[in-house]
>>> print(open('start-v2.cif').read())   # mmCIF, C-alpha atoms
data_data
#
loop_
_atom_site.label_atom_id
_atom_site.label_comp_id
_atom_site.auth_asym_id
_atom_site.auth_seq_id
_atom_site.Cartn_x
_atom_site.Cartn_y
_atom_site.Cartn_z
CA MET A 1 51.80 34.64 87.75
CA ARG A 2 52.12 34.77 84.00
CA PHE A 3 53.82 37.84 82.52
CA SER A 4 52.97 39.29 79.12
CA LYS A 5 55.09 42.05 77.64
CA THR A 6 53.23 44.99 76.15
CA HIS A 7 54.55 46.84 73.12
CA LEU A 8 55.78 49.53 75.55
CA SER A 9 59.22 48.56 76.80
CA GLY A 10 59.22 47.64 80.48
CA ALA A 11 55.41 47.50 80.89
CA PHE A 12 53.87 44.10 81.67
CA VAL A 13 50.44 42.57 82.14
CA LEU A 14 50.37 40.03 84.96
CA GLU A 15 47.83 37.21 84.77
CA PRO A 16 47.10 35.35 88.00
CA ASP A 17 47.42 31.61 88.48
CA ARG A 18 44.27 30.87 90.45
CA LYS A 19 44.09 27.88 92.73
CA ILE A 20 40.37 27.03 92.70
CA ASP A 21 38.46 24.64 94.91
CA GLU A 22 35.03 24.40 96.56
CA ARG A 23 35.91 27.29 98.93
CA GLY A 24 36.67 29.73 96.11
CA PHE A 25 40.15 30.64 94.95
CA PHE A 26 43.58 31.72 96.12
CA VAL A 27 45.89 33.89 94.05
CA ARG A 28 49.23 35.57 94.58
CA THR A 29 49.02 39.24 93.57
CA TYR A 30 52.62 40.23 94.26
CA CYS A 31 55.91 38.34 94.36
CA ALA A 32 59.21 40.23 94.26
CA ARG A 33 61.06 37.10 93.14
CA GLU A 34 58.76 36.56 90.13
CA LEU A 35 59.00 40.21 89.12
CA GLU A 36 62.78 40.11 89.41
CA ALA A 37 62.88 37.02 87.17
CA GLN A 38 61.29 39.24 84.49
CA GLY A 39 63.94 41.93 85.00
CA ILE A 40 61.65 44.12 87.12
CA ARG A 41 63.26 45.47 90.27
CA PHE A 42 60.24 46.68 92.21
CA VAL A 43 60.27 47.41 95.92
CA VAL A 44 56.97 48.46 97.46
CA ALA A 45 57.28 51.83 99.20
CA GLN A 46 53.57 52.54 99.59
CA SER A 47 50.20 50.89 99.02
CA ASN A 48 47.14 52.91 97.95
CA LEU A 49 43.46 52.16 97.37
CA SER A 50 40.92 54.23 95.47
CA PHE A 51 37.17 53.75 95.59
CA ASN A 52 35.07 55.07 92.71
CA ARG A 53 31.30 55.30 93.04
CA ARG A 54 30.14 55.65 89.43
CA ALA A 55 30.86 53.99 86.12
CA GLY A 56 32.54 56.48 83.81
CA THR A 57 34.73 58.02 86.53
CA VAL A 58 38.18 59.04 85.22
CA ARG A 59 41.32 59.36 87.31
CA GLY A 60 44.43 60.51 85.50
CA MET A 61 46.65 60.89 83.63
CA HIS A 62 49.12 60.97 86.56
CA LEU A 63 52.87 60.65 87.06
CA GLN A 64 55.61 61.93 89.32
CA ALA A 65 58.70 63.71 88.03
CA PRO A 66 62.21 62.50 88.81
CA PRO A 67 63.85 61.92 91.17
CA VAL A 68 60.71 60.17 92.46
CA ALA A 69 59.41 58.89 89.12
CA GLU A 70 57.29 56.13 90.55
CA SER A 71 56.63 52.66 89.26
CA LYS A 72 53.26 51.06 90.01
CA LEU A 73 51.62 47.68 90.13
CA VAL A 74 47.90 48.32 89.58
CA ARG A 75 44.99 45.92 89.98
CA CYS A 76 41.23 46.18 90.23
CA SER A 77 40.00 44.35 93.32
CA ARG A 78 36.30 45.17 92.82
CA GLY A 79 34.38 45.93 89.63
CA ALA A 80 36.01 46.70 86.29
CA MET A 81 38.15 49.48 84.85
CA TYR A 82 39.76 50.55 81.59
CA ASP A 83 43.41 51.11 82.52
CA VAL A 84 45.73 53.26 80.37
CA ILE A 85 49.46 54.00 80.45
CA VAL A 86 51.38 56.40 78.20
CA ASP A 87 55.13 56.20 77.60
CA LEU A 88 56.58 59.64 78.39
CA ARG A 89 60.26 58.68 78.15
CA PRO A 90 61.61 60.96 75.38
CA ALA A 91 64.40 58.53 74.40
CA SER A 92 62.00 55.57 74.11
CA PRO A 93 61.05 54.23 70.66
CA THR A 94 57.45 54.08 71.94
CA TYR A 95 57.40 57.68 73.23
CA LEU A 96 53.78 58.96 73.47
CA GLN A 97 52.31 55.56 72.64
CA HIS A 98 49.84 54.00 75.02
CA VAL A 99 48.49 50.66 76.16
CA ALA A 100 44.93 50.20 77.37
CA LEU A 101 43.33 47.11 78.84
CA GLU A 102 40.54 46.01 81.14
CA LEU A 103 41.42 45.14 84.70
CA SER A 104 38.65 43.60 86.79
CA ASP A 105 37.90 41.47 89.80
CA VAL A 106 36.89 38.74 87.35
CA ASN A 107 40.05 38.61 85.19
CA GLY A 108 42.37 39.34 88.15
CA ARG A 109 44.98 41.00 85.92
CA SER A 110 47.54 43.52 87.15
CA LEU A 111 49.50 46.05 85.14
CA TYR A 112 53.11 46.91 85.92
CA VAL A 113 53.76 50.59 85.10
CA PRO A 114 57.46 51.52 84.88
CA PRO A 115 58.83 54.91 85.90
CA GLY A 116 58.38 57.56 83.21
CA PHE A 117 54.81 56.61 82.30
CA ALA A 118 51.57 58.50 82.85
CA HIS A 119 48.76 56.38 84.26
CA GLY A 120 45.01 56.78 84.36
CA PHE A 121 41.81 54.78 84.25
CA GLN A 122 38.08 54.92 83.70
CA THR A 123 35.65 52.83 85.72
CA LEU A 124 33.43 50.51 83.69
CA THR A 125 31.11 49.62 86.58
CA ASP A 126 29.86 51.30 89.73
CA ASN A 127 31.69 50.77 93.03
CA VAL A 128 35.19 50.10 91.70
CA GLU A 129 38.17 49.60 94.01
CA VAL A 130 41.68 49.97 92.60
CA GLU A 131 44.78 48.86 94.48
CA TYR A 132 48.17 50.39 93.72
CA LEU A 133 51.51 49.15 94.97
CA MET A 134 53.90 52.07 94.56
CA GLY A 135 57.64 51.82 93.96
CA ASP A 136 58.34 55.22 95.53
CA PHE A 137 56.79 57.56 98.04
CA HIS A 138 54.30 60.18 96.91
CA VAL A 139 55.80 63.68 96.85
CA PRO A 140 53.10 66.29 96.09
CA ALA A 141 55.66 68.78 94.68
CA CYS A 142 56.55 66.19 92.03
CA ASP A 143 52.97 65.57 90.83
CA ARG A 144 52.58 65.90 87.10
CA GLY A 145 49.78 65.01 84.73
CA LEU A 146 48.31 65.25 81.27
CA ARG A 147 44.74 65.86 80.17
CA TYR A 148 42.79 62.63 79.90
CA ASP A 149 41.27 63.83 76.59
CA ASP A 150 44.40 65.26 74.99
CA PRO A 151 44.15 64.63 71.22
CA ALA A 152 47.94 64.14 71.06
CA LEU A 153 47.57 61.01 73.21
CA GLY A 154 44.73 59.50 71.17
CA ILE A 155 43.12 57.68 74.10
CA ARG A 156 39.58 56.51 73.38
CA TRP A 157 37.73 56.17 76.66
CA PRO A 158 34.93 53.59 76.44
CA LEU A 159 32.28 55.60 78.36
CA PRO A 160 31.27 59.24 78.66
CA VAL A 161 33.04 60.82 81.63
CA SER A 162 30.67 60.86 84.63
CA ALA A 163 33.12 62.20 87.25
CA ILE A 164 36.62 63.69 87.21
CA SER A 165 38.48 65.88 89.69
CA ASP A 166 39.06 69.55 89.00
CA LYS A 167 42.80 68.86 89.18
CA ASP A 168 42.61 66.14 86.51
CA ARG A 169 40.42 68.31 84.28
CA ALA A 170 42.95 71.16 84.59
CA TRP A 171 46.09 69.28 83.50
CA PRO A 172 47.53 70.97 80.41
CA PRO A 173 47.57 69.33 76.99
CA LEU A 174 50.87 67.69 76.10
CA LEU A 175 51.86 70.42 73.63
CA ALA A 176 51.54 73.05 76.39
CA VAL A 177 53.79 71.21 78.85
CA SER A 178 57.21 72.85 78.99
CA ASN A 179 60.41 70.98 79.73
CA ALA A 180 60.47 72.69 83.13
CA ASP A 181 56.99 71.34 83.89
CA ALA A 182 57.84 67.81 82.82
CA GLY A 183 61.37 67.62 84.20
CA VAL A 184 62.98 67.02 87.56
CA CYS A 185 61.04 68.29 90.57
CA GLN A 186 62.52 70.32 93.39
#
>>> encode(input="start-v2.cif", output="structure tokens")
Amino acid sequence: MRFSKTHLSGAFVLEPDRKIDERGFFVRTYCARELEAQGIRFVVAQSNLSFNRRAGTVRGMHLQAPPVAESKLVRCSRGAMYDVIVDLRPASPTYLQHVALELSDVNGRSLYVPPGFAHGFQTLTDNVEVEYLMGDFHVPACDRGLRYDDPALGIRWPLPVSAISDKDRAWPPLLAVSNADAGVCQ
């Protein structure tokens, strides 16, 4: 794997090294040793898969509050998606800045999302599968989120939204989130 730093401290794009022959290809999608060589201590606690029927579907912007602020390794195993992360670490010099990139089954990229970031995506094709390796267990009481269309975040989604959950539509704008809402969960 080749690692590229983003302008958000601790977030990386991982490019696969494909071994191609007449059968197709082989690629490593996760290697703890290679991540650790980049200073990323990531232990997989959980693996998740989402399937999204229609292009334009939005999931996000999601995060978990401490003490289970989860890290993620996200990849698109089928179709294409516009993946977005937002730095929500108040002490970070890139606080509230975001990175967006295309992940697809063609480019094979993954995105490492450190703890303290919100994450979301929009599908660019129909029938998109997204795989997440999670660095902590999901704790529903610690779920947090931000509105996908919050002007304070400045995210420009490439397609009109065709589907979004009621929960994701109901997340408050950033300016309405109190410290109690964003802080440590019970």
>>> residues_around(input="start-v2.cif", residues="segment 94-107 of chain A", least_positions_apart="6", cutoff="6 Å", atoms="only C-alpha atoms", output="list of chain:residue names")
A:Cys76, A:Ser77, A:Arg78, A:Gly79, A:Ala80, A:Met81, A:Tyr82, A:Asp83, A:Val84, A:Ile85, A:Val86, A:Asp87, A:Leu88
>>> resolve_selection(input="start-v2.cif", expression="the PyMOL selection byres ((chain A and resi 11-19) around 7)", output="compact mmCIF listing (two decimals) with C-alpha atoms, keeping the file's coordinate frame")
# COMPACT_ATOMS: atom_id res chain seq x y z
CA MET A 1 51.80 34.64 87.75
CA ARG A 2 52.12 34.77 84.00
CA PHE A 3 53.82 37.84 82.52
CA SER A 4 52.97 39.29 79.12
CA LYS A 5 55.09 42.05 77.64
CA THR A 6 53.23 44.99 76.15
CA LEU A 8 55.78 49.53 75.55
CA SER A 9 59.22 48.56 76.80
CA GLY A 10 59.22 47.64 80.48
CA ILE A 20 40.37 27.03 92.70
CA ASP A 21 38.46 24.64 94.91
CA PHE A 25 40.15 30.64 94.95
CA PHE A 26 43.58 31.72 96.12
CA VAL A 27 45.89 33.89 94.05
CA ARG A 28 49.23 35.57 94.58
CA GLY A 108 42.37 39.34 88.15
CA ARG A 109 44.98 41.00 85.92
CA SER A 110 47.54 43.52 87.15
CA LEU A 111 49.50 46.05 85.14
CA TYR A 112 53.11 46.91 85.92
CA VAL A 113 53.76 50.59 85.10
CA PRO A 114 57.46 51.52 84.88
>>> resolve_selection(input="start-v2.cif", expression="the PyMOL selection byres ((chain A and resi 41-54) around 6)", output="CSV table (one decimal) with C-alpha atoms, keeping the file's coordinate frame")
chain,number,residue,atom,x,y,z
A,36,GLU,CA,62.8,40.1,89.4
A,40,ILE,CA,61.6,44.1,87.1
A,55,ALA,CA,30.9,54.0,86.1
A,57,THR,CA,34.7,58.0,86.5
A,126,ASP,CA,29.9,51.3,89.7
A,127,ASN,CA,31.7,50.8,93.0
A,128,VAL,CA,35.2,50.1,91.7
A,129,GLU,CA,38.2,49.6,94.0
A,130,VAL,CA,41.7,50.0,92.6
A,131,GLU,CA,44.8,48.9,94.5
A,132,TYR,CA,48.2,50.4,93.7
A,133,LEU,CA,51.5,49.2,95.0
A,134,MET,CA,53.9,52.1,94.6
A,135,GLY,CA,57.6,51.8,94.0
A,136,ASP,CA,58.3,55.2,95.5
A,137,PHE,CA,56.8,57.6,98.0
>>> atom_distance(input="start-v2.cif", atom1="atom CA of Leu159 of chain A", atom2="atom CA of Gln64 of chain A")
26.5 Å
>>> resolve_selection(input="start-v2.cif", expression="the PyMOL selection byres ((chain A and resi 58) around 9)", output="PyMOL selection string")
chain A and resi 55-57+59-61+120-123+148+161-165+168
>>> axis_aligned_box(input="start-v2.cif", around="segment 161-167 of chain A", padding_each_side="5 Å", output="AutoDock Vina command-line options")
--center_x 36.7 --center_y 65.2 --center_z 85.7 --size_x 22.1 --size_y 18.7 --size_z 18.1
>>> closest_residue(input="start-v2.cif", among="A:Leu153, A:Arg75, A:Ala65, A:Ser92", to="Pro115 of chain A", atoms="all atoms listed in the file")
A:Ala65
>>> atom_distance(input="start-v2.cif", atom1="atom CA of Leu73 of chain A", atom2="atom CA of Arg169 of chain A")
24.2 Å
>>> closest_residue(input="start-v2.cif", among="A:Leu63, A:Val68, A:Ala91, A:Ala170", to="Arg144 of chain A", atoms="all atoms listed in the file")
A:Leu63
>>> atom_distance(input="start-v2.cif", atom1="atom CA of Gly145 of chain A", atom2="atom CA of Lys167 of chain A")
9.1 Å
>>> residues_around(input="start-v2.cif", residues="Ala152 of chain A", least_positions_apart="4", cutoff="9 Å", atoms="only C-alpha atoms", output="list of chain:residue names")
A:Leu96, A:Pro173, A:Leu174, A:Leu175
>>> closest_residue(input="start-v2.cif", among="A:Gly154, A:Arg33, A:Gln38, A:Glu70", to="His119 of chain A", atoms="only C-alpha atoms")
A:Glu70
